[in-house]
file final.cif (mmCIF, C-alpha atoms)
data_structure
#
loop_
_atom_site.label_atom_id
_atom_site.label_comp_id
_atom_site.auth_asym_id
_atom_site.auth_seq_id
_atom_site.Cartn_x
_atom_site.Cartn_y
_atom_site.Cartn_z
CA MET I 1 23.93 108.36 120.50
CA ASP I 2 27.38 106.95 119.85
CA LEU I 3 29.71 108.80 122.19
CA ALA I 4 32.51 106.26 121.69
CA ASN I 5 33.05 107.56 118.17
CA LEU I 6 32.32 111.17 119.03
CA LYS I 7 33.30 113.61 116.33
CA LEU I 8 33.37 117.32 116.89
CA PRO I 9 32.06 119.65 114.19
CA ASP I 10 34.48 121.98 112.49
CA THR I 11 32.82 124.91 114.24
CA ILE I 12 34.23 123.59 117.52
CA SER I 13 37.94 123.46 116.93
CA THR I 14 39.57 125.33 119.78
CA PRO I 15 39.50 124.57 123.52
CA GLU I 16 37.75 127.89 124.05
CA GLN I 17 35.02 126.98 121.60
CA LEU I 18 34.58 123.58 123.26
CA GLN I 19 34.39 125.20 126.68
CA GLU I 20 31.77 127.61 125.38
CA THR I 21 29.82 124.73 123.86
CA ILE I 22 29.84 122.88 127.19
CA VAL I 23 28.46 126.01 128.87
CA ILE I 24 25.75 126.33 126.25
CA LEU I 25 24.90 122.67 126.71
CA GLY I 26 24.60 123.30 130.40
CA ASP I 27 22.20 126.14 129.72
CA TYR I 28 20.24 123.92 127.37
CA ALA I 29 20.10 121.18 129.96
CA ALA I 30 18.75 123.66 132.48
CA VAL I 31 16.06 124.74 130.03
CA LEU I 32 15.10 121.11 129.47
CA ARG I 33 14.87 120.50 133.22
CA ASN I 34 12.64 123.52 133.65
CA ALA I 35 10.41 122.32 130.85
CA THR I 36 10.16 118.88 132.40
CA ALA I 37 9.33 120.30 135.78
CA ARG I 38 6.61 122.53 134.36
CA THR I 39 5.17 119.56 132.53
CA ARG I 40 5.04 117.53 135.72
CA THR I 41 3.55 120.29 137.77
CA GLY I 42 1.11 121.36 135.06
CA VAL I 43 2.55 124.80 134.81
CA ALA I 44 2.25 126.34 131.42
CA ALA I 45 5.23 125.90 129.16
CA ALA I 46 7.67 128.73 129.18
CA ASP I 47 8.68 130.66 126.20
CA SER I 48 10.56 128.20 123.96
CA GLU I 49 12.46 130.93 122.20
CA ALA I 50 15.45 130.54 124.49
CA GLU I 51 15.40 126.82 123.94
CA ASP I 52 15.28 127.36 120.20
CA ASN I 53 18.21 129.75 120.32
CA LEU I 54 20.26 127.29 122.26
CA ARG I 55 19.26 124.48 119.98
CA THR I 56 20.33 126.55 117.01
CA LYS I 57 23.72 127.11 118.53
CA LEU I 58 24.06 123.44 119.23
CA ALA I 59 22.67 122.25 115.94
CA ASP I 60 26.00 121.34 114.38
CA LEU I 61 26.99 119.48 117.50
CA PHE I 62 23.73 117.56 117.72
CA THR I 63 23.91 116.71 114.04
CA SER I 64 27.45 115.39 114.31
CA VAL I 65 26.56 113.36 117.40
CA ASN I 66 23.35 111.61 116.40
CA SER I 67 22.11 113.20 113.24
CA LYS I 68 19.17 114.63 115.15
CA SER I 69 18.46 118.27 115.75
CA ALA I 70 17.43 117.80 119.38
CA LEU I 71 18.49 115.68 122.28
CA SER I 72 16.81 114.59 125.44
CA LEU I 73 17.92 115.84 128.82
CA GLU I 74 19.70 112.61 129.55
CA GLU I 75 21.48 112.68 126.21
CA VAL I 76 22.48 116.30 126.79
CA GLU I 77 23.96 115.43 130.17
CA GLN I 78 25.86 112.47 128.69
CA LEU I 79 27.10 114.69 125.90
CA MET I 80 28.26 117.29 128.39
CA GLN I 81 30.25 114.69 130.29
CA ALA I 82 31.80 113.40 127.08
CA LEU I 83 32.74 116.87 125.95
CA GLN I 84 34.23 117.60 129.36
CA ASP I 85 36.37 114.47 128.99
CA VAL I 86 37.46 115.63 125.56
CA LEU I 87 38.33 119.05 126.91
CA GLU I 88 40.46 117.51 129.64
CA HIS I 89 42.16 114.75 127.67
CA ALA I 90 42.13 115.58 123.98
CA PRO I 91 45.46 116.54 122.38
CA VAL I 92 45.90 120.22 121.70
CA VAL I 93 47.91 121.48 118.75
CA HIS I 94 49.21 125.03 119.10
CA ILE I 95 49.75 126.79 115.79
CA THR I 96 51.53 130.14 115.65
CA LEU I 97 51.09 132.26 112.53
CA PRO I 98 52.37 135.69 111.55
CA ASP I 99 48.82 136.92 112.04
CA LEU I 100 45.56 135.58 113.43
CA PRO I 101 43.73 133.56 110.75
CA GLY I 102 40.17 134.11 109.75
CA GLY I 103 37.35 131.68 110.56
CA GLY I 104 37.60 129.91 107.22
CA LEU I 105 41.33 129.19 107.50
CA LYS I 106 40.88 128.06 111.08
CA GLN I 107 38.26 125.55 110.03
CA LYS I 108 40.38 124.29 107.18
CA ILE I 109 43.33 123.79 109.47
CA SER I 110 41.29 122.03 112.17
CA SER I 111 39.59 119.86 109.53
CA TRP I 112 42.95 118.78 108.17
CA LEU I 113 44.30 118.06 111.64
CA ARG I 114 41.25 115.97 112.63
CA LEU I 115 41.30 114.12 109.34
CA ASN I 116 45.03 113.29 109.36
CA LEU I 117 46.12 113.31 113.01
CA SER I 118 43.23 112.63 115.42
CA PRO I 119 39.45 113.13 115.20
CA LEU I 120 39.28 114.84 118.58
CA VAL I 121 42.32 117.06 118.33
CA LEU I 122 41.81 120.64 119.43
CA VAL I 123 43.65 123.54 117.86
CA SER I 124 44.88 126.70 119.57
CA PHE I 125 45.84 129.58 117.30
CA HIS I 126 48.47 132.19 118.18
CA TYR I 127 50.22 134.91 116.24
CA ASN I 128 53.75 136.34 116.24
CA ARG I 129 54.66 139.18 113.89
CA SER I 130 58.36 138.32 114.01
CA LEU I 131 57.71 135.14 112.07
CA SER I 132 57.30 137.18 108.90
CA GLY I 133 56.15 134.09 107.04
CA GLY I 134 55.42 130.41 107.56
CA PHE I 135 54.24 129.01 110.90
CA ALA I 136 55.23 127.04 114.00
CA VAL I 137 53.51 124.01 115.50
CA ARG I 138 53.75 122.89 119.09
CA VAL I 139 52.47 119.48 120.17
CA GLY I 140 53.02 118.68 123.83
CA SER I 141 56.60 119.78 124.53
CA ARG I 142 57.84 119.46 120.96
CA LEU I 143 58.10 122.57 118.78
CA TYR I 144 58.24 122.44 114.98
CA ASP I 145 59.52 125.67 113.43
CA PHE I 146 58.34 125.99 109.82
CA SER I 147 58.81 129.74 109.62
CA PHE I 148 60.45 131.36 106.61
CA ARG I 149 63.18 132.79 108.81
CA SER I 150 64.26 129.40 110.15
CA GLN I 151 64.13 127.92 106.64
CA LEU I 152 66.35 130.70 105.31
CA LEU I 153 68.81 130.38 108.17
CA ALA I 154 68.95 126.60 107.76
CA LYS I 155 69.74 126.87 104.06
CA ARG I 156 71.93 129.94 103.91
CA ASP I 157 74.68 127.90 102.25
CA VAL I 158 72.22 127.18 99.43
CA LEU I 159 71.68 130.92 99.07
CA ALA I 160 75.40 131.43 98.63
CA LYS I 161 75.52 128.67 96.01
CA LEU I 162 72.54 130.19 94.22
CA LEU I 163 74.39 133.46 93.99
CA LYS I 164 77.44 131.67 92.63
CA GLY I 165 75.30 129.69 90.22
CA GLU I 166 76.34 126.35 91.71
CA ALA I 167 72.94 125.23 93.02
CA HIS I 168 70.10 124.24 90.77
CA GLU I 169 67.26 124.78 93.22
CA MET H 1 166.61 96.44 105.04
CA PRO H 2 168.16 93.11 106.21
CA VAL H 3 171.10 93.76 103.91
CA TYR H 4 171.72 97.00 105.67
CA TYR H 5 171.83 95.28 109.02
CA VAL H 6 174.20 92.60 107.73
CA LEU H 7 176.59 95.11 106.25
CA LEU H 8 176.50 97.14 109.39
CA GLY H 9 177.26 94.06 111.45
CA VAL H 10 180.25 93.14 109.30
CA ILE H 11 181.60 96.63 109.55
CA LEU H 12 181.24 96.63 113.30
CA ILE H 13 182.96 93.26 113.60
CA LEU H 14 185.93 94.34 111.45
CA ALA H 15 186.25 97.55 113.41
CA GLY H 16 186.17 95.63 116.65
CA ILE H 17 188.89 93.26 115.49
CA SER H 18 191.05 96.14 114.30
CA PHE H 19 190.75 98.11 117.47
CA GLY H 20 191.37 95.01 119.55
CA THR H 21 194.51 94.18 117.61
CA LEU H 22 195.71 97.75 117.92
CA TYR H 23 195.13 97.73 121.65
CA TRP H 24 197.00 94.39 122.06
CA VAL H 25 199.98 95.64 120.08
CA THR H 26 200.08 98.81 122.08
CA LEU H 27 200.02 96.83 125.24
CA LEU H 28 202.90 94.62 124.04
CA GLN H 29 204.88 97.66 123.07
CA ARG H 30 204.52 99.17 126.50
CA ARG H 31 205.64 95.99 128.17
CA LEU H 32 208.60 95.71 125.88
CA HIS H 33 209.70 99.26 126.53
CA HIS H 34 209.28 98.69 130.20
CA HIS H 35 211.38 95.55 130.07
CA ALA H 36 214.07 97.17 127.89
CA ALA H 37 214.33 100.09 130.25
CA LYS H 38 215.16 97.79 133.11
CA LEU H 39 218.08 96.09 131.30
CA PRO H 40 221.54 97.85 131.73
CA VAL H 41 223.49 98.90 128.65
CA ALA H 42 226.77 96.86 128.33
CA THR H 43 229.80 98.41 126.69
CA PRO H 44 232.39 95.88 125.37
CA ASP H 45 235.85 96.00 127.21
CA ALA H 46 238.88 94.44 125.42
CA SER H 47 240.93 94.19 128.47
CA THR H 48 238.66 92.06 130.27
CA VAL H 49 237.53 88.60 129.58
CA PRO H 50 233.80 88.47 129.69
CA SER H 51 232.57 86.50 132.52
CA ALA H 52 229.56 84.28 132.52
CA GLY H 53 227.54 86.95 133.98
CA VAL H 54 228.71 89.41 131.47
CA LYS H 55 227.93 86.98 128.73
CA ALA H 56 224.46 86.55 130.08
CA GLU H 57 224.04 90.23 130.19
CA ALA H 58 225.32 90.57 126.66
CA HIS H 59 223.01 87.83 125.62
CA SER H 60 220.20 89.69 127.22
CA VAL H 61 221.17 92.86 125.55
CA MET H 62 221.33 91.16 122.22
CA LEU H 63 217.99 89.63 122.91
CA ALA H 64 216.57 92.98 123.79
CA GLU H 65 217.96 94.47 120.65
CA GLU H 66 216.53 91.64 118.67
CA LEU H 67 213.24 92.13 120.40
CA LEU H 68 213.39 95.80 119.70
CA LYS H 69 214.09 95.18 116.07
CA LEU H 70 211.31 92.63 116.04
CA GLU H 71 209.08 95.11 117.69
CA GLN H 72 209.89 97.79 115.22
CA SER H 73 209.45 95.36 112.38
CA THR H 74 206.21 94.16 113.81
CA HIS H 75 205.18 97.71 114.44
CA HIS H 76 205.87 98.63 110.84
CA SER H 77 204.16 95.53 109.59
CA PHE H 78 201.22 96.12 111.83
CA LYS H 79 201.17 99.69 110.84
CA ASP H 80 201.21 98.73 107.18
CA ALA H 81 198.57 96.12 107.80
CA LEU H 82 196.61 98.60 109.77
CA ASP H 83 196.92 101.17 107.02
CA VAL H 84 195.83 98.61 104.50
CA ALA H 85 192.97 97.51 106.72
CA THR H 86 192.08 101.10 107.36
CA GLN H 87 192.09 101.85 103.67
CA ASN H 88 190.10 98.74 102.97
CA LEU H 89 187.75 99.59 105.78
CA SER H 90 187.40 103.12 104.57
CA ARG H 91 186.74 101.92 101.07
CA ASP H 92 184.31 99.29 102.31
CA LEU H 93 182.67 101.78 104.58
CA GLY H 94 182.35 104.20 101.68
CA GLU H 95 180.97 101.56 99.43
CA THR H 96 178.75 100.24 102.16
CA SER H 97 177.63 103.73 103.00
CA THR H 98 176.90 104.37 99.36
CA ARG H 99 174.99 101.14 99.07
CA ILE H 100 173.23 101.81 102.33
CA ASN H 101 172.30 105.27 101.14
CA ALA H 102 171.10 103.86 97.85
CA GLN H 103 169.19 101.17 99.66
CA LEU H 104 167.78 103.73 102.03
CA GLU H 105 166.77 105.89 99.13
CA THR H 106 165.16 102.95 97.44
CA GLU H 107 163.38 101.77 100.54
CA ALA H 108 162.43 105.31 101.49
CA GLY H 109 161.16 105.85 98.01
CA LYS H 110 159.17 102.67 98.22
CA VAL H 111 157.78 103.63 101.61
CA ILE H 112 156.99 107.15 100.49
CA THR H 113 155.41 105.87 97.30
CA GLN H 114 153.38 103.34 99.24
CA LYS H 115 152.30 105.86 101.87
CA LEU H 116 151.52 108.40 99.20
CA SER H 117 149.47 105.82 97.40
CA GLU H 118 147.64 104.95 100.60
CA TYR H 119 147.12 108.63 101.33
CA GLN H 120 145.75 109.24 97.90
CA LYS H 121 143.51 106.20 98.25
CA ALA H 122 142.28 107.40 101.64
CA LEU H 123 141.72 110.89 100.20
CA GLU H 124 139.78 109.41 97.33
CA GLU H 125 137.65 107.35 99.70
CA MET H 126 137.01 110.42 101.84
CA ARG H 127 136.14 112.41 98.75
CA GLN H 128 133.72 109.74 97.58
CA THR H 129 132.21 109.46 101.05
CA ALA H 130 131.83 113.22 101.21
CA VAL H 131 130.26 113.28 97.76
CA ALA H 132 127.89 110.46 98.71
CA SER H 133 127.00 112.19 101.99
CA LEU H 134 126.45 115.45 100.16
CA GLY H 135 124.23 113.67 97.69
CA GLN H 136 122.24 112.11 100.52
CA ILE H 137 121.96 115.46 102.24
CA GLN H 138 120.78 117.08 99.04
CA ALA H 139 118.25 114.28 98.50
CA SER H 140 117.05 114.61 102.08
CA ILE H 141 116.76 118.38 101.72
CA GLU H 142 114.81 117.94 98.50
CA ASP H 143 112.45 115.45 100.16
CA LYS H 144 111.93 117.79 103.10
CA ARG H 145 111.34 120.66 100.73
CA GLN H 146 108.72 118.70 98.83
CA ILE H 147 107.00 117.61 102.03
CA LEU H 148 107.02 121.17 103.35
CA GLU H 149 105.74 122.48 100.06
CA LYS H 150 102.98 119.89 100.03
CA ASP H 151 102.00 120.63 103.63
CA LEU H 152 102.10 124.35 102.93
CA ASN H 153 99.89 123.97 99.89
CA ALA H 154 97.49 121.81 101.87
CA ASP H 155 97.38 124.39 104.68
CA ILE H 156 96.82 127.18 102.20
CA GLU H 157 94.04 125.22 100.52
CA THR H 158 92.44 124.44 103.88
CA GLN H 159 92.57 128.07 104.93
CA LYS H 160 91.19 129.08 101.57
CA GLN H 161 88.28 126.66 101.93
CA GLN H 162 87.65 127.91 105.45
CA LEU H 163 87.63 131.49 104.25
CA VAL H 164 85.31 130.61 101.37
CA ALA H 165 82.97 128.76 103.74
CA LYS H 166 83.00 131.67 106.14
CA LEU H 167 82.30 134.05 103.30
CA ASP H 168 79.44 131.86 102.10
CA GLN H 169 78.04 131.70 105.61
CA ASN H 170 78.30 135.42 106.10
CA LEU H 171 76.79 135.97 102.68
CA GLY H 172 73.95 133.60 103.56
CA ASP H 173 73.40 135.47 106.81
CA VAL H 174 73.26 138.79 104.99
CA ILE H 175 70.80 137.50 102.41
CA SER H 176 68.66 135.79 105.06
CA ALA H 177 68.56 138.91 107.18
CA TYR H 178 67.64 140.96 104.11
CA LEU H 179 64.83 138.61 103.12
CA VAL H 180 63.51 138.44 106.66
CA GLU H 181 63.58 142.22 106.82
CA VAL H 182 61.78 142.50 103.49
CA LEU H 183 59.13 139.96 104.44
CA GLY H 184 58.68 141.45 107.87
CA ASN H 185 55.62 143.65 107.33
CA GLN H 186 53.99 141.92 104.38
CA VAL H 187 51.93 139.04 105.73
CA ASP H 188 49.34 137.33 103.58
CA LEU H 189 48.04 134.21 105.28
CA GLY H 190 45.94 133.30 102.30
CA ALA H 191 48.99 133.21 100.05
CA GLN H 192 50.89 131.21 102.63
CA SER H 193 48.11 128.65 103.19
CA GLN H 194 49.42 126.47 100.37
CA TYR H 195 52.85 126.37 102.01
CA LEU H 196 51.15 125.68 105.37
CA PHE H 197 49.20 122.62 104.22
CA LYS H 198 52.09 121.33 102.13
CA THR H 199 54.39 121.48 105.15
CA LEU H 200 51.82 119.86 107.42
CA GLU H 201 51.38 117.05 104.88
CA ALA H 202 55.14 116.54 104.68
CA ASN H 203 55.43 116.24 108.49
CA LYS H 204 52.12 114.45 109.06
CA GLU H 205 53.58 111.18 110.36
CA GLU H 206 55.84 112.86 112.83
CA LEU H 207 53.07 115.03 114.18
CA LYS H 208 50.78 112.03 114.40
CA LYS H 209 53.41 110.10 116.33
CA GLU H 210 53.83 112.97 118.74
CA ILE H 211 50.09 113.28 119.31
CA LEU H 212 49.52 109.56 119.79
CA GLY H 213 52.51 109.38 122.08
CA GLY H 214 51.09 112.09 124.25
CA VAL H 215 47.55 110.74 124.36
#

call {"tool": "encode", "arguments": {"input": "final.cif", "output": "structure tokens"}}
result
Amino acid sequence: MDLANLKLPDTISTPEQLQETIVILGDYAAVLRNATARTRTGVAAADSEAEDNLRTKLADLFTSVNSKSALSLEEVEQLMQALQDVLEHAPVVHITLPDLPGGGLKQKISSWLRLNLSPLVLVSFHYNRSLSGGFAVRVGSRLYDFSFRSQLLAKRDVLAKLLKGEAHE
Amino acid sequence: MPVYYVLLGVILILAGISFGTLYWVTLLQRRLHHHAAKLPVATPDASTVPSAGVKAEAHSVMLAEELLKLEQSTHHSFKDALDVATQNLSRDLGETSTRINAQLETEAGKVITQKLSEYQKALEEMRQTAVASLGQIQASIEDKRQILEKDLNADIETQKQQLVAKLDQNLGDVISAYLVEVLGNQVDLGAQSQYLFKTLEANKEELKKEILGGV
């Protein structure tokens, strides 16, 4: 398992989703410990349905980490630690839209950000009705206002020229 | 002018000589009368033989009579001479006065003509100076007028541009506010996704720099 080049799946794009994944991993690790203990003590194996459910939830993550559908307890614990480091140190991009985007748009946005900015970037989505159109991006302490309102206010002289027929755009 | 002074000097000299001569003659006459008054008047007496003293007295009387005659003759001669001199003096004075008047008129005329000429020249110079000054003043006024007109036009143009810019700004504000108001309640994220990704692509480097700087 190559944790140095860890890549998060598109289904884990926000800090909340990553936090949830870490919790699920913790639950999965606990299930694996129980299974190991039962094996050592000769107790019959517990119902594996819970383990299967957890594995299903973590399938994308496991696949992106080592192309396998299951991990050992040790690998799960290493993965948890790595994900915790990502949660604490990865850059977070805050995007504000006029309305909350759907799952598909969220994934597209996070995919673009991880492809062009950083593979471990996390995205936090917000909404503000007053934007009317466009969006705003905040990275660290820097805010980038790409809303329609700010664009119109920045180019109101162009509007006047358009009305007078002087501008060509 | 020197001729005038010379003539005047001659006249004064002649007058002085005449009056001096007249005074001397008058003085002599007084002395003679005084001396004649002192001498007794002798009447001839046939019965007596004139003595030496009587002869001396007669001689004195005869001398006095001679002196008196001489005095009278001299007086007449002097009077004639004085009349002649007086006439000559009067004539000379008249002529001299006439000449002096003529000379004065000539000189005065010359002086007046010269002064008049100078006055006219000075007037002409003053007139030309005044005309030149007036021309300079007019030129200066014209320059000032042009400068003021130019500045005024520039100010008007500046104010016009400011008003136009203000109008454009206010117009832009009105249009922006209208568009924002119109767009307010019609949000379609799907339709805006193209704008979203296009804008992110355009600002990719800057966002990347900000992220890497913060990591």

call {"tool": "residues_around", "arguments": {"input": "final.cif", "residues": "region 151-165 of chain H", "least_positions_apart": "5", "cutoff": "10 Å", "atoms": "all atoms listed in the file", "output": "PyMOL selection string"}}
result
(chain I and resi 157+160) or (chain H and resi 145-146+170-171)

call {"tool": "write_last_selection", "arguments": {"input": "final.cif", "atoms": "C-alpha atoms", "output": "short mmCIF file (atom, residue, chain, number, x, y, z; two decimals), in the coordinates of the input"}}
result
data_model
loop_
_atom_site.label_atom_id
_atom_site.label_comp_id
_atom_site.auth_asym_id
_atom_site.auth_seq_id
_atom_site.Cartn_x
_atom_site.Cartn_y
_atom_site.Cartn_z
CA ASP I 157 74.68 127.90 102.25
CA ALA I 160 75.40 131.43 98.63
CA ARG H 145 111.34 120.66 100.73
CA GLN H 146 108.72 118.70 98.83
CA ASN H 170 78.30 135.42 106.10
CA LEU H 171 76.79 135.97 102.68
#

call {"tool": "resolve_selection", "arguments": {"input": "final.cif", "expression": "the PyMOL selection byres ((chain I and resi 88-92) around 9)", "output": "mmCIF file with C-alpha atoms, in the coordinates of the input"}}
result
data_model
loop_
_atom_site.group_PDB
_atom_site.id
_atom_site.type_symbol
_atom_site.label_atom_id
_atom_site.label_comp_id
_atom_site.auth_asym_id
_atom_site.auth_seq_id
_atom_site.Cartn_x
_atom_site.Cartn_y
_atom_site.Cartn_z
ATOM 1 C CA THR I 14 39.570 125.330 119.780
ATOM 2 C CA PRO I 15 39.500 124.570 123.520
ATOM 3 C CA LEU I 83 32.740 116.870 125.950
ATOM 4 C CA GLN I 84 34.230 117.600 129.360
ATOM 5 C CA ASP I 85 36.370 114.470 128.990
ATOM 6 C CA VAL I 86 37.460 115.630 125.560
ATOM 7 C CA LEU I 87 38.330 119.050 126.910
ATOM 8 C CA VAL I 93 47.910 121.480 118.750
ATOM 9 C CA HIS I 94 49.210 125.030 119.100
ATOM 10 C CA SER I 118 43.230 112.630 115.420
ATOM 11 C CA LEU I 120 39.280 114.840 118.580
ATOM 12 C CA VAL I 121 42.320 117.060 118.330
ATOM 13 C CA LEU I 122 41.810 120.640 119.430
ATOM 14 C CA VAL I 123 43.650 123.540 117.860
ATOM 15 C CA SER I 124 44.880 126.700 119.570
ATOM 16 C CA ARG I 138 53.750 122.890 119.090
ATOM 17 C CA VAL I 139 52.470 119.480 120.170
ATOM 18 C CA GLY I 140 53.020 118.680 123.830
ATOM 19 C CA ILE H 211 50.090 113.280 119.310
ATOM 20 C CA LEU H 212 49.520 109.560 119.790
ATOM 21 C CA GLY H 214 51.090 112.090 124.250
ATOM 22 C CA VAL H 215 47.550 110.740 124.360
#

call {"tool": "closest_residue", "arguments": {"input": "final.cif", "among": "I:Leu25, I:Gln78, I:Ala37, I:Phe125", "to": "Thr56 (chain I)", "atoms": "all atoms listed in the file"}}
result
I:Leu25

call {"tool": "resolve_selection", "arguments": {"input": "final.cif", "expression": "the PyMOL selection byres ((chain H) within 10 of (chain I))", "output": "MDAnalysis selection string"}}
result
chainID H and resid 165:177 179:190 192:193 195:197 199:201 203:215

call {"tool": "atom_distance", "arguments": {"input": "final.cif", "atom1": "CA of Leu67 (chain H)", "atom2": "CA of Lys79 (chain H)"}}
result
17.2 Å

call {"tool": "axis_aligned_box", "arguments": {"input": "final.cif", "around": "region 50-60 of chain I", "padding_each_side": "5 Å", "output": "lines of an AutoDock Vina configuration file"}}
result
center_x = 20.6
center_y = 125.9
center_z = 119.4
size_x = 20.7
size_y = 19.2
size_z = 20.1

call {"tool": "atom_distance", "arguments": {"input": "final.cif", "atom1": "CA of His59 (chain H)", "atom2": "CA of Arg31 (chain H)"}}
result
19.4 Å

call {"tool": "atom_distance", "arguments": {"input": "final.cif", "atom1": "CA of Pro119 (chain I)", "atom2": "CA of Pro9 (chain I)"}}
result
9.9 Å

call {"tool": "closest_residue", "arguments": {"input": "final.cif", "among": "I:Leu58, I:Ile95, I:Leu162, I:Leu79", "to": "Thr11 (chain I)", "atoms": "all atoms listed in the file"}}
result
I:Leu58

call {"tool": "closest_residue", "arguments": {"input": "final.cif", "among": "I:Glu49, I:Glu75, I:Asp27, I:Asp60", "to": "Leu8 (chain I)", "atoms": "all atoms listed in the file"}}
result
I:Asp60
